[in-house]
>>> print(open('entry.cif').read())   # mmCIF, C-alpha atoms (C1' of nucleotides)
data_input
loop_
_atom_site.label_atom_id
_atom_site.label_comp_id
_atom_site.auth_asym_id
_atom_site.auth_seq_id
_atom_site.Cartn_x
_atom_site.Cartn_y
_atom_site.Cartn_z
CA MET A 1 30.77 -142.94 -131.77
CA ASN A 2 27.99 -141.90 -134.06
CA ASN A 3 26.06 -139.33 -132.07
CA ASN A 4 24.68 -137.19 -134.88
CA ARG A 5 20.93 -137.10 -134.36
CA PRO A 6 18.79 -136.77 -137.43
CA PRO A 7 18.47 -132.98 -137.78
CA ARG A 8 14.85 -132.10 -137.28
CA ALA A 9 12.93 -131.00 -140.34
CA ARG A 10 12.82 -127.36 -141.30
CA ILE A 11 9.77 -125.56 -140.04
CA ASP A 12 8.42 -124.87 -143.52
CA ALA A 13 8.64 -128.57 -144.25
CA GLN A 14 6.68 -129.31 -141.10
CA ARG A 15 4.05 -126.78 -142.06
CA SER A 16 3.72 -128.26 -145.52
CA GLU A 17 3.31 -131.79 -144.30
CA SER A 18 0.67 -130.79 -141.80
CA ALA A 19 -1.21 -128.76 -144.36
CA LEU A 20 -1.11 -131.65 -146.78
CA VAL A 21 -2.60 -134.07 -144.29
CA ASP A 22 -5.34 -131.57 -143.48
CA ALA A 23 -6.11 -131.00 -147.11
CA ALA A 24 -6.04 -134.69 -147.91
CA ARG A 25 -8.47 -135.42 -145.13
CA THR A 26 -10.97 -132.96 -146.53
CA ILE A 27 -10.55 -134.06 -150.12
CA PHE A 28 -10.66 -137.76 -149.31
CA LEU A 29 -13.95 -137.21 -147.53
CA GLN A 30 -15.28 -135.23 -150.45
CA SER A 31 -14.01 -137.20 -153.43
CA GLY A 32 -12.60 -140.47 -152.12
CA VAL A 33 -9.03 -141.63 -151.72
CA ASP A 34 -8.41 -141.57 -155.47
CA ALA A 35 -8.75 -137.82 -155.74
CA PRO A 36 -6.15 -136.11 -157.97
CA ALA A 37 -2.86 -135.25 -156.32
CA ARG A 38 -3.07 -131.75 -157.75
CA ASP A 39 -6.31 -131.05 -155.93
CA ILE A 40 -4.78 -132.03 -152.64
CA ALA A 41 -1.65 -130.00 -153.19
CA ALA A 42 -3.67 -126.98 -154.30
CA ARG A 43 -5.92 -127.06 -151.26
CA ALA A 44 -2.86 -127.37 -149.04
CA GLY A 45 -1.38 -124.35 -150.79
CA VAL A 46 1.76 -126.20 -151.90
CA GLY A 47 3.11 -127.55 -155.17
CA VAL A 48 2.71 -131.15 -156.21
CA ALA A 49 6.43 -131.77 -155.80
CA THR A 50 6.07 -131.03 -152.10
CA LEU A 51 3.35 -133.61 -151.85
CA TYR A 52 5.52 -136.24 -153.52
CA ARG A 53 8.48 -135.38 -151.34
CA SER A 54 6.53 -135.99 -148.16
CA PHE A 55 4.41 -138.87 -149.43
CA PRO A 56 6.11 -140.71 -152.28
CA LYS A 57 3.30 -143.22 -152.51
CA ARG A 58 -0.37 -142.59 -152.20
CA ALA A 59 -0.64 -145.15 -149.44
CA ASP A 60 1.70 -143.01 -147.33
CA LEU A 61 -0.70 -140.12 -147.48
CA VAL A 62 -3.71 -142.29 -146.79
CA ALA A 63 -1.99 -143.77 -143.77
CA ALA A 64 -1.02 -140.33 -142.51
CA VAL A 65 -4.60 -139.11 -142.77
CA PHE A 66 -5.78 -142.19 -140.95
CA ARG A 67 -3.34 -141.60 -138.10
CA ARG A 68 -4.33 -137.98 -137.90
CA GLU A 69 -7.99 -138.90 -137.59
CA VAL A 70 -7.22 -141.50 -134.98
CA ASP A 71 -5.29 -138.90 -133.03
CA ASP A 72 -8.12 -136.38 -133.27
CA CYS A 73 -10.70 -138.88 -132.18
CA ALA A 74 -8.58 -139.97 -129.25
CA ALA A 75 -7.91 -136.38 -128.26
CA ALA A 76 -11.60 -135.58 -128.29
CA ALA A 77 -11.97 -137.68 -125.16
CA ALA A 78 -10.18 -135.08 -123.06
CA ASP A 79 -12.39 -132.25 -124.30
CA ILE A 80 -15.54 -134.24 -123.73
CA SER A 81 -14.48 -135.29 -120.26
CA ALA A 82 -13.86 -131.66 -119.34
CA GLU A 83 -17.45 -130.75 -120.11
CA GLN A 84 -19.50 -133.79 -119.21
CA LEU A 85 -20.20 -136.04 -116.29
CA PRO A 86 -18.21 -139.26 -116.53
CA VAL A 87 -21.07 -141.48 -117.67
CA ASP A 88 -22.15 -138.96 -120.29
CA ALA A 89 -18.58 -138.55 -121.41
CA LEU A 90 -18.33 -142.26 -121.99
CA LEU A 91 -21.43 -142.29 -124.15
CA MET A 92 -20.52 -139.17 -126.09
CA TRP A 93 -17.07 -140.35 -126.91
CA LEU A 94 -18.37 -143.70 -128.09
CA LEU A 95 -20.76 -141.89 -130.41
CA ARG A 96 -17.86 -139.83 -131.67
CA TYR A 97 -15.89 -143.00 -132.20
CA ALA A 98 -18.82 -144.58 -134.05
CA ARG A 99 -18.86 -141.63 -136.42
CA PHE A 100 -15.15 -142.10 -137.01
CA ILE A 101 -15.63 -145.75 -137.92
CA ALA A 102 -18.56 -144.99 -140.20
CA THR A 103 -16.37 -142.86 -142.47
CA LYS A 104 -13.81 -145.61 -142.95
CA ARG A 105 -15.64 -147.86 -145.36
CA GLY A 106 -13.36 -147.16 -148.30
CA LEU A 107 -10.32 -147.44 -146.12
CA ALA A 108 -11.34 -150.82 -144.78
CA THR A 109 -10.83 -152.40 -148.19
CA ALA A 110 -7.49 -150.65 -148.57
CA LEU A 111 -6.45 -152.13 -145.24
CA HIS A 112 -6.89 -155.62 -146.60
CA SER A 113 -5.04 -154.84 -149.82
CA GLY A 114 -1.79 -156.25 -148.47
CA ASP A 115 0.07 -152.98 -148.94
CA PRO A 116 2.86 -153.05 -146.33
CA THR A 117 2.30 -149.36 -145.67
CA PHE A 118 -0.92 -150.24 -143.92
CA GLU A 119 0.46 -153.16 -142.02
CA ASN A 120 0.81 -151.59 -138.59
CA LEU A 121 -2.19 -149.32 -138.79
CA PRO A 122 -4.43 -151.67 -136.78
CA GLU A 123 -1.85 -151.72 -134.04
CA TYR A 124 -1.71 -147.93 -134.05
CA PHE A 125 -5.48 -147.85 -133.90
CA ARG A 126 -5.60 -150.04 -130.84
CA SER A 127 -2.67 -148.43 -129.07
CA LYS A 128 -4.38 -145.06 -129.26
CA PHE A 129 -7.96 -145.97 -128.53
CA GLU A 130 -7.70 -148.64 -125.91
CA PRO A 131 -6.11 -146.45 -123.20
CA VAL A 132 -8.51 -143.63 -123.92
CA LEU A 133 -11.55 -145.78 -123.57
CA ALA A 134 -10.11 -147.53 -120.53
CA GLY A 135 -9.79 -144.14 -118.88
CA LEU A 136 -13.36 -143.18 -119.69
CA LEU A 137 -14.59 -146.49 -118.35
CA HIS A 138 -12.59 -146.05 -115.19
CA ASN A 139 -13.99 -142.59 -114.55
CA ALA A 140 -17.54 -143.70 -115.14
CA GLN A 141 -17.00 -146.54 -112.72
CA PHE A 142 -17.30 -144.20 -109.72
CA ALA A 143 -20.69 -142.85 -110.66
CA ALA A 144 -22.33 -146.03 -111.87
CA PRO A 145 -20.62 -149.33 -111.34
CA ILE A 146 -19.97 -151.03 -114.63
CA SER A 147 -19.91 -154.69 -115.27
CA GLY A 148 -16.40 -156.06 -115.04
CA GLU A 149 -17.21 -158.38 -117.88
CA VAL A 150 -16.38 -155.92 -120.63
CA ASP A 151 -13.00 -154.34 -121.10
CA ALA A 152 -12.06 -151.45 -123.35
CA TYR A 153 -11.06 -153.61 -126.28
CA ASP A 154 -14.33 -155.52 -126.23
CA LEU A 155 -16.21 -152.29 -126.32
CA LEU A 156 -14.12 -150.89 -129.16
CA ARG A 157 -14.80 -153.93 -131.24
CA ALA A 158 -18.48 -154.03 -130.40
CA VAL A 159 -19.13 -150.42 -131.26
CA GLY A 160 -16.91 -150.77 -134.31
CA ASN A 161 -19.01 -153.63 -135.59
CA LEU A 162 -22.20 -151.74 -134.90
CA SER A 163 -20.93 -148.84 -136.97
CA VAL A 164 -19.88 -150.56 -140.16
CA GLU A 165 -23.32 -150.43 -141.70
CA GLY A 166 -23.83 -146.79 -142.55
CA GLU A 167 -25.78 -145.67 -145.64
CA GLY A 168 -29.17 -145.01 -144.10
CA GLY A 169 -28.35 -146.38 -140.69
CA ALA A 170 -26.61 -143.55 -138.86
CA GLN A 171 -29.47 -143.17 -136.41
CA HIS A 172 -29.79 -146.87 -136.08
CA THR A 173 -26.15 -147.10 -135.10
CA GLU A 174 -26.57 -144.36 -132.54
CA ARG A 175 -29.52 -146.08 -130.97
CA MET A 176 -27.63 -149.33 -130.72
CA VAL A 177 -24.64 -147.66 -129.13
CA ARG A 178 -26.88 -145.96 -126.59
CA LEU A 179 -28.46 -149.28 -125.78
CA LEU A 180 -25.07 -150.81 -125.35
CA VAL A 181 -23.89 -148.16 -122.95
CA ALA A 182 -27.16 -148.25 -121.01
CA GLY A 183 -26.67 -151.97 -120.68
CA LEU A 184 -23.22 -151.57 -119.22
CA SER A 185 -24.42 -150.49 -115.82
CA LYS A 186 -27.20 -153.03 -115.62
CA GLY A 187 -24.56 -155.72 -115.10
CA MET B 1 -47.88 -151.67 -188.87
CA ASN B 2 -44.26 -151.14 -188.03
CA ASN B 3 -42.52 -154.19 -189.47
CA ASN B 4 -39.05 -152.74 -190.12
CA ARG B 5 -36.64 -155.04 -188.33
CA PRO B 6 -33.45 -153.50 -187.04
CA PRO B 7 -31.06 -153.83 -190.00
CA ARG B 8 -28.34 -156.24 -189.04
CA ALA B 9 -24.89 -154.81 -188.42
CA ARG B 10 -22.44 -154.51 -191.28
CA ILE B 11 -20.04 -157.40 -191.55
CA ASP B 12 -16.98 -155.27 -190.84
CA ALA B 13 -18.66 -154.12 -187.65
CA GLN B 14 -19.26 -157.73 -186.68
CA ARG B 15 -15.66 -158.60 -187.39
CA SER B 16 -14.42 -155.70 -185.30
CA GLU B 17 -16.54 -156.54 -182.33
CA SER B 18 -15.51 -160.16 -182.39
CA ALA B 19 -11.84 -159.28 -182.74
CA LEU B 20 -12.14 -156.86 -179.84
CA VAL B 21 -13.60 -159.46 -177.54
CA ASP B 22 -10.86 -161.91 -178.52
CA ALA B 23 -8.16 -159.33 -177.94
CA ALA B 24 -9.65 -158.20 -174.66
CA ARG B 25 -9.76 -161.74 -173.41
CA THR B 26 -6.07 -162.22 -174.07
CA ILE B 27 -5.06 -158.87 -172.65
CA PHE B 28 -7.26 -159.18 -169.57
CA LEU B 29 -5.63 -162.49 -168.82
CA GLN B 30 -2.20 -160.99 -169.32
CA SER B 31 -2.53 -157.60 -167.66
CA GLY B 32 -5.82 -157.56 -165.78
CA VAL B 33 -9.08 -155.82 -166.57
CA ASP B 34 -7.54 -152.37 -166.19
CA ALA B 35 -5.27 -152.78 -169.18
CA PRO B 36 -5.05 -149.71 -171.47
CA ALA B 37 -7.77 -149.43 -174.08
CA ARG B 38 -5.13 -148.74 -176.73
CA ASP B 39 -3.47 -152.09 -176.13
CA ILE B 40 -6.73 -153.92 -176.64
CA ALA B 41 -7.61 -151.99 -179.77
CA ALA B 42 -4.11 -152.53 -181.18
CA ARG B 43 -4.17 -156.26 -180.62
CA ALA B 44 -7.58 -156.43 -182.25
CA GLY B 45 -6.19 -154.51 -185.21
CA VAL B 46 -8.71 -151.69 -184.91
CA GLY B 47 -8.65 -148.09 -183.79
CA VAL B 48 -9.64 -147.01 -180.32
CA ALA B 49 -12.74 -145.29 -181.66
CA THR B 50 -14.04 -148.66 -182.82
CA LEU B 51 -13.57 -150.02 -179.36
CA TYR B 52 -15.52 -147.16 -177.83
CA ARG B 53 -18.28 -147.47 -180.41
CA SER B 54 -18.89 -151.10 -179.56
CA PHE B 55 -18.21 -150.86 -175.84
CA PRO B 56 -18.86 -147.36 -174.51
CA LYS B 57 -18.04 -148.35 -170.97
CA ARG B 58 -15.32 -150.66 -169.81
CA ALA B 59 -17.85 -152.81 -168.01
CA ASP B 60 -19.50 -153.57 -171.34
CA LEU B 61 -16.30 -155.07 -172.65
CA VAL B 62 -15.66 -157.01 -169.49
CA ALA B 63 -19.17 -158.44 -169.60
CA ALA B 64 -18.75 -159.37 -173.26
CA VAL B 65 -15.52 -161.22 -172.55
CA PHE B 66 -17.18 -163.02 -169.70
CA ARG B 67 -20.05 -164.15 -171.90
CA ARG B 68 -17.67 -165.25 -174.60
CA GLU B 69 -15.73 -167.38 -172.16
CA VAL B 70 -18.90 -168.85 -170.76
CA ASP B 71 -19.96 -169.73 -174.30
CA ASP B 72 -16.62 -171.33 -175.09
CA CYS B 73 -16.59 -173.35 -171.92
CA ALA B 74 -20.14 -174.56 -172.53
CA ALA B 75 -19.33 -175.40 -176.14
CA ALA B 76 -16.32 -177.45 -175.08
CA ALA B 77 -18.71 -180.04 -173.70
CA ALA B 78 -19.76 -181.12 -177.19
CA ASP B 79 -16.15 -181.56 -178.36
CA ILE B 80 -15.23 -183.51 -175.28
CA SER B 81 -18.28 -185.73 -175.51
CA ALA B 82 -17.40 -186.57 -179.10
CA GLU B 83 -14.01 -187.94 -178.08
CA GLN B 84 -14.54 -189.46 -174.66
CA LEU B 85 -16.64 -192.03 -172.93
CA PRO B 86 -19.51 -190.42 -171.05
CA VAL B 87 -18.02 -190.74 -167.59
CA ASP B 88 -14.67 -189.41 -168.77
CA ALA B 89 -16.41 -186.60 -170.58
CA LEU B 90 -18.12 -185.58 -167.37
CA LEU B 91 -14.83 -185.42 -165.50
CA MET B 92 -12.96 -183.66 -168.25
CA TRP B 93 -15.55 -181.02 -168.69
CA LEU B 94 -15.68 -180.34 -164.96
CA LEU B 95 -11.93 -179.88 -164.99
CA ARG B 96 -12.30 -177.49 -167.88
CA TYR B 97 -14.98 -175.65 -165.93
CA ALA B 98 -12.76 -175.50 -162.87
CA ARG B 99 -10.05 -173.84 -164.94
CA PHE B 100 -12.60 -171.32 -166.14
CA ILE B 101 -13.59 -170.43 -162.61
CA ALA B 102 -10.01 -170.16 -161.46
CA THR B 103 -9.33 -167.30 -163.88
CA LYS B 104 -12.25 -165.25 -162.62
CA ARG B 105 -10.88 -163.91 -159.38
CA GLY B 106 -10.61 -160.32 -160.54
CA LEU B 107 -14.01 -160.51 -162.08
CA ALA B 108 -15.63 -161.80 -158.93
CA THR B 109 -15.02 -158.49 -157.18
CA ALA B 110 -16.31 -156.59 -160.19
CA LEU B 111 -19.49 -158.64 -160.04
CA HIS B 112 -20.19 -157.33 -156.57
CA SER B 113 -19.45 -153.75 -157.53
CA GLY B 114 -23.10 -152.98 -158.09
CA ASP B 115 -22.53 -151.96 -161.70
CA PRO B 116 -25.85 -152.63 -163.46
CA THR B 117 -23.95 -153.91 -166.50
CA PHE B 118 -23.04 -157.01 -164.53
CA GLU B 119 -26.45 -157.54 -163.03
CA ASN B 120 -27.68 -160.40 -165.21
CA LEU B 121 -24.34 -162.09 -165.70
CA PRO B 122 -24.96 -164.71 -162.99
CA GLU B 123 -28.21 -165.62 -164.68
CA TYR B 124 -26.42 -165.97 -168.01
CA PHE B 125 -23.82 -168.12 -166.33
CA ARG B 126 -26.38 -170.50 -164.95
CA SER B 127 -28.54 -170.58 -168.06
CA LYS B 128 -25.57 -171.73 -170.12
CA PHE B 129 -23.89 -174.15 -167.78
CA GLU B 130 -26.75 -175.92 -166.11
CA PRO B 131 -28.17 -177.57 -169.25
CA VAL B 132 -24.71 -178.57 -170.42
CA LEU B 133 -23.81 -180.25 -167.19
CA ALA B 134 -27.25 -181.83 -166.93
CA GLY B 135 -26.65 -183.40 -170.33
CA LEU B 136 -23.26 -184.75 -169.33
CA LEU B 137 -24.69 -186.17 -166.15
CA HIS B 138 -27.50 -187.80 -168.03
CA ASN B 139 -25.13 -189.45 -170.52
CA ALA B 140 -22.87 -190.73 -167.79
CA GLN B 141 -25.89 -192.16 -166.04
CA PHE B 142 -26.08 -195.10 -168.45
CA ALA B 143 -22.54 -196.25 -167.88
CA ALA B 144 -22.30 -195.77 -164.15
CA PRO B 145 -25.41 -194.95 -162.17
CA ILE B 146 -25.04 -191.66 -160.39
CA SER B 147 -26.56 -190.68 -157.15
CA GLY B 148 -29.81 -188.89 -157.66
CA GLU B 149 -28.93 -186.68 -154.72
CA VAL B 150 -26.92 -184.21 -156.76
CA ASP B 151 -28.27 -182.20 -159.62
CA ALA B 152 -26.37 -180.09 -162.12
CA TYR B 153 -26.63 -176.88 -160.18
CA ASP B 154 -25.31 -178.47 -157.00
CA LEU B 155 -22.34 -179.74 -158.89
CA LEU B 156 -21.67 -176.40 -160.56
CA ARG B 157 -21.61 -174.69 -157.22
CA ALA B 158 -19.52 -177.36 -155.57
CA VAL B 159 -16.84 -177.36 -158.22
CA GLY B 160 -17.01 -173.60 -158.37
CA ASN B 161 -16.28 -173.34 -154.68
CA LEU B 162 -13.47 -175.84 -154.96
CA SER B 163 -11.85 -173.73 -157.64
CA VAL B 164 -11.86 -170.34 -155.98
CA GLU B 165 -8.52 -170.90 -154.32
CA GLY B 166 -5.98 -170.84 -157.11
CA GLU B 167 -2.47 -169.38 -156.70
CA GLY B 168 -0.50 -172.52 -155.90
CA GLY B 169 -3.49 -174.81 -155.66
CA ALA B 170 -4.31 -175.74 -159.24
CA GLN B 171 -3.33 -179.35 -158.69
CA HIS B 172 -5.11 -179.40 -155.40
CA THR B 173 -8.29 -178.25 -157.07
CA GLU B 174 -7.95 -180.90 -159.75
CA ARG B 175 -7.52 -183.63 -157.17
CA MET B 176 -10.58 -182.46 -155.31
CA VAL B 177 -12.68 -182.40 -158.44
CA ARG B 178 -11.56 -185.89 -159.35
CA LEU B 179 -12.50 -187.07 -155.89
CA LEU B 180 -15.89 -185.47 -156.21
CA VAL B 181 -16.62 -187.13 -159.52
CA ALA B 182 -15.37 -190.46 -158.27
CA GLY B 183 -17.70 -190.10 -155.35
CA LEU B 184 -20.69 -189.52 -157.58
CA SER B 185 -21.04 -193.11 -158.60
CA LYS B 186 -20.44 -194.51 -155.13
CA GLY B 187 -23.90 -193.28 -154.13
"C1'" DA C 1 25.69 -111.36 -142.51
"C1'" DA C 2 26.94 -114.98 -145.47
"C1'" DA C 3 26.99 -119.42 -147.32
"C1'" DG C 4 25.58 -124.03 -147.58
"C1'" DA C 5 21.84 -127.06 -147.07
"C1'" DT C 6 17.10 -127.86 -147.51
"C1'" DA C 7 12.64 -127.29 -149.39
"C1'" DC C 8 9.72 -125.09 -152.67
"C1'" DG C 9 6.80 -124.28 -156.92
"C1'" DG C 10 5.39 -125.06 -161.23
"C1'" DA C 11 6.64 -126.41 -165.75
"C1'" DA C 12 7.59 -130.51 -168.32
"C1'" DC C 13 7.09 -135.30 -169.35
"C1'" DA C 14 4.57 -139.63 -169.66
"C1'" DG C 15 0.54 -142.55 -169.77
"C1'" DT C 16 -4.36 -143.17 -170.19
"C1'" DG C 17 -9.43 -142.36 -171.24
"C1'" DT C 18 -12.43 -140.19 -174.58
"C1'" DT C 19 -13.96 -137.56 -178.59
"C1'" DC C 20 -13.83 -135.65 -183.27
"C1'" DC C 21 -13.65 -135.73 -188.03
"C1'" DG C 22 -11.97 -136.65 -192.68
"C1'" DT C 23 -11.69 -141.06 -195.14
"C1'" DT C 24 -12.90 -145.76 -196.32
"C1'" DT C 25 -16.00 -149.62 -196.63
"C1'" DT C 26 -20.34 -151.72 -197.09
"C1'" DC C 27 -24.76 -152.55 -199.18
"C1'" DA C 28 -28.85 -152.04 -201.61
"C1'" DA C 29 -31.33 -149.66 -205.27
"C1'" DG C 30 -31.33 -148.63 -210.09
"C1'" DC D 1 -22.39 -153.41 -212.55
"C1'" DT D 2 -22.59 -148.75 -211.05
"C1'" DT D 3 -23.41 -145.61 -207.63
"C1'" DG D 4 -24.19 -142.91 -203.71
"C1'" DA D 5 -25.71 -142.49 -199.13
"C1'" DA D 6 -25.30 -144.59 -194.68
"C1'" DA D 7 -22.37 -146.96 -191.53
"C1'" DA D 8 -18.03 -147.76 -189.72
"C1'" DC D 9 -13.21 -146.86 -189.56
"C1'" DG D 10 -8.51 -145.07 -187.94
"C1'" DG D 11 -5.75 -142.17 -185.70
"C1'" DA D 12 -4.86 -137.57 -184.34
"C1'" DA D 13 -6.33 -134.40 -180.87
"C1'" DC D 14 -7.96 -133.26 -176.39
"C1'" DA D 15 -8.42 -133.69 -171.44
"C1'" DC D 16 -6.85 -135.28 -167.14
"C1'" DT D 17 -3.75 -137.42 -163.96
"C1'" DG D 18 0.69 -139.28 -161.97
"C1'" DT D 19 5.56 -138.27 -161.62
"C1'" DT D 20 10.00 -135.98 -162.20
"C1'" DC D 21 13.22 -132.08 -162.85
"C1'" DC D 22 15.43 -127.96 -161.91
"C1'" DG D 23 16.05 -123.08 -161.17
"C1'" DT D 24 14.60 -120.30 -157.20
"C1'" DA D 25 13.41 -119.15 -152.46
"C1'" DT D 26 13.76 -120.10 -147.65
"C1'" DC D 27 15.82 -121.62 -143.63
"C1'" DT D 28 19.67 -122.60 -140.42
"C1'" DT D 29 24.15 -122.39 -138.78
"C1'" DT D 30 28.41 -120.14 -138.16
#
>>> encode(input="entry.cif", output="structure tokens")
Amino acid sequence: MNNNRPPRARIDAQRSESALVDAARTIFLQSGVDAPARDIAARAGVGVATLYRSFPKRADLVAAVFRREVDDCAAAAADISAEQLPVDALLMWLLRYARFIATKRGLATALHSGDPTFENLPEYFRSKFEPVLAGLLHNAQFAAPISGEVDAYDLLRAVGNLSVEGEGGAQHTERMVRLLVAGLSKG
Amino acid sequence: MNNNRPPRARIDAQRSESALVDAARTIFLQSGVDAPARDIAARAGVGVATLYRSFPKRADLVAAVFRREVDDCAAAAADISAEQLPVDALLMWLLRYARFIATKRGLATALHSGDPTFENLPEYFRSKFEPVLAGLLHNAQFAAPISGEVDAYDLLRAVGNLSVEGEGGAQHTERMVRLLVAGLSKG
DNA sequence: AAAGATACGGAACAGTGTTCCGTTTTCAAG
DNA sequence: CTTGAAAACGGAACACTGTTCCGTATCTTT
């Protein structure tokens, strides 16, 4: 039988890939997703060939950055919960999540480009965020009963829609999110 | 007083510009609006410098091609009217117009890009087409009374919306336009 | 410790936008 | 018609970016 596992990547390869995603995230934010490959490789401290080995197509890198940011945003929930009361944690994470969405304007159009690389990104998005938010909601439940009408997915979508404006409306978005959360316990 | 008119362009310059717009139209259709500048210049039989002199920014060339096509489509009305009965002319021109719209998918997104070069293109569009269609409608009026409910602009928009599908639906669009025109005289 | 496999870096190649400049063409004045 | 300056021309040259290649360095296993 064929029991040869895929040998795990060499540690330098792992380092490179991680550095590339970090660098790409910074550069994408700074110069958009069309930034030169050389810039990204340089900031990661690797050669361009390394970039192309790990991410043959640009979409691969974009998707990787997206996943990384989703992971970070999801992970932030734990940190916030450790330092805040449950109801505050819920609000603070939603504000964090709103900020995440607000930076994804350029990516939103890429998502609808039909590139198969992006096909299962929405699923990834939901699979990461829904449990996190469900947990925050559950914790907050004890302190201030929350209407059973809204579930985590509803809330993700609602805040997501509130956050797609941007430009001059960062504060506006924050106010709306606060309102939304305040409304949760008024049932 | 300052009565020196701007001296009109040299005839070779006029020829070049016209050839460039012709070439660009063909190449845009063939390879999209991002086709290499060299290809366009080559097909026009001029050097790239000539292209850049006449159209410093790509958007300038795109806009010029658009205007040229609008002009051609508007001018087709006269030819058609000369060979067809008024009611047939109306239908045939609308079909011609539908074909025009169908090729403008790529341009539609450019229009909404916020580039100031494209800002007054919609106005140009309307200023050319509305009188033409109004004339066709008026001529057809004598043969088969047409509902006074629809004016030229309504019809332009309606046929325009019918034509935005494309891909496999060229025949579908044609059928819908025929239906629309047939309906005009049923009041 | 040694050798094979893996990954690396940067030079090299290819394609495109944009500019520069010596040459050609036009056009109007004499 | 001649002529000469202004306008326009063509294509090479430059700049920048994506992509590939290959000799070299690093890692991993025995």
>>> resolve_selection(input="entry.cif", expression="the PyMOL selection byres ((chain B) within 12 of (chain D))", output="list in words")
Pro7, Arg8, Ala9, Arg10, Ile11, Asp12, Ala13, Gln14, Arg15, Ser16, Glu17, Arg38, Ala41, Ala42, Gly45, Val46, Gly47, Val48, Ala49, Thr50, Leu51, Tyr52, Arg53 and Ser54 of chain B
>>> residues_around(input="entry.cif", residues="Asp79 of chain B", least_positions_apart="5", cutoff="12 Å", atoms="only C-alpha atoms (C1' of nucleotides)", output="list in words")
Asp72, Cys73, Ala74, Gln84, Leu85, Pro86, Ala89, Leu90, Met92, Trp93, Arg96 and Leu136 of chain B
>>> interface_residues(input="entry.cif", of="chain C", to="chain B", cutoff="10 Å", atoms="all atoms listed in the file", output="list in words")
DG15, DT16, DG17, DT18, DT19, DC20, DT25, DT26 and DC27 of chain C
>>> residues_around(input="entry.cif", residues="Lys128 of chain A", least_positions_apart="3", cutoff="9 Å", atoms="only C-alpha atoms (C1' of nucleotides)", output="NGL selection string")
:A and (70-71 or 74 or 123-125 or 131-132)
>>> resolve_selection(input="entry.cif", expression="the PyMOL selection byres ((chain B and resi 152) around 7)", output="JSON, numbers by chain")
{"B": [130, 133, 134, 150, 151, 153, 154, 155, 156]}
>>> atom_distance(input="entry.cif", atom1="atom CA of Ala140 of chain A", atom2="atom CA of Val87 of chain A")
4.9 Å
>>> axis_aligned_box(input="entry.cif", around="segment 18-23 of chain C", padding_each_side="3 Å", output="AutoDock Vina command-line options")
--center_x -12.8 --center_y -138.4 --center_z -184.9 --size_x 8.3 --size_y 11.4 --size_z 26.6
>>> atom_distance(input="entry.cif", atom1="atom CA of Asp39 of chain A", atom2="atom CA of Arg67 of chain A")
20.9 Å
>>> resolve_selection(input="entry.cif", expression="the PyMOL selection byres ((chain B and resi 95) around 9)", output="ChimeraX atom specification")
/B:90-94,96-100,159,173-174,177-178
>>> atom_distance(input="entry.cif", atom1="atom CA of Asn161 of chain B", atom2="atom CA of Asp22 of chain B")
27.0 Å
>>> closest_residue(input="entry.cif", among="B:Ala77, B:Ile40, B:Val21, B:Leu180", to="Val62 of chain B", atoms="all atoms listed in the file")
B:Val21
>>> decode(input="entry.cif", residues="segment 31-47 of chain B", atoms="C-alpha atoms", output="tab-separated table (two decimals), in the first residue's frame")
chain	number	residue	atom	x	y	z
B	31	SER	CA	-7.99	41.88	-28.19
B	32	GLY	CA	-9.74	44.19	-25.74
B	33	VAL	CA	-8.92	47.72	-24.67
B	34	ASP	CA	-5.64	46.67	-23.07
B	35	ALA	CA	-4.07	45.66	-26.36
B	36	PRO	CA	-0.43	46.77	-26.80
B	37	ALA	CA	0.06	50.28	-28.11
B	38	ARG	CA	2.55	48.96	-30.67
B	39	ASP	CA	-0.07	46.73	-32.25
B	40	ILE	CA	-2.43	49.64	-32.72
B	41	ALA	CA	0.25	51.91	-34.14
B	42	ALA	CA	1.44	49.16	-36.50
B	43	ARG	CA	-2.01	48.46	-37.85
B	44	ALA	CA	-2.53	52.18	-38.38
B	45	GLY	CA	0.76	52.30	-40.26
B	46	VAL	CA	2.29	54.90	-37.96
B	47	GLY	CA	4.94	54.93	-35.27
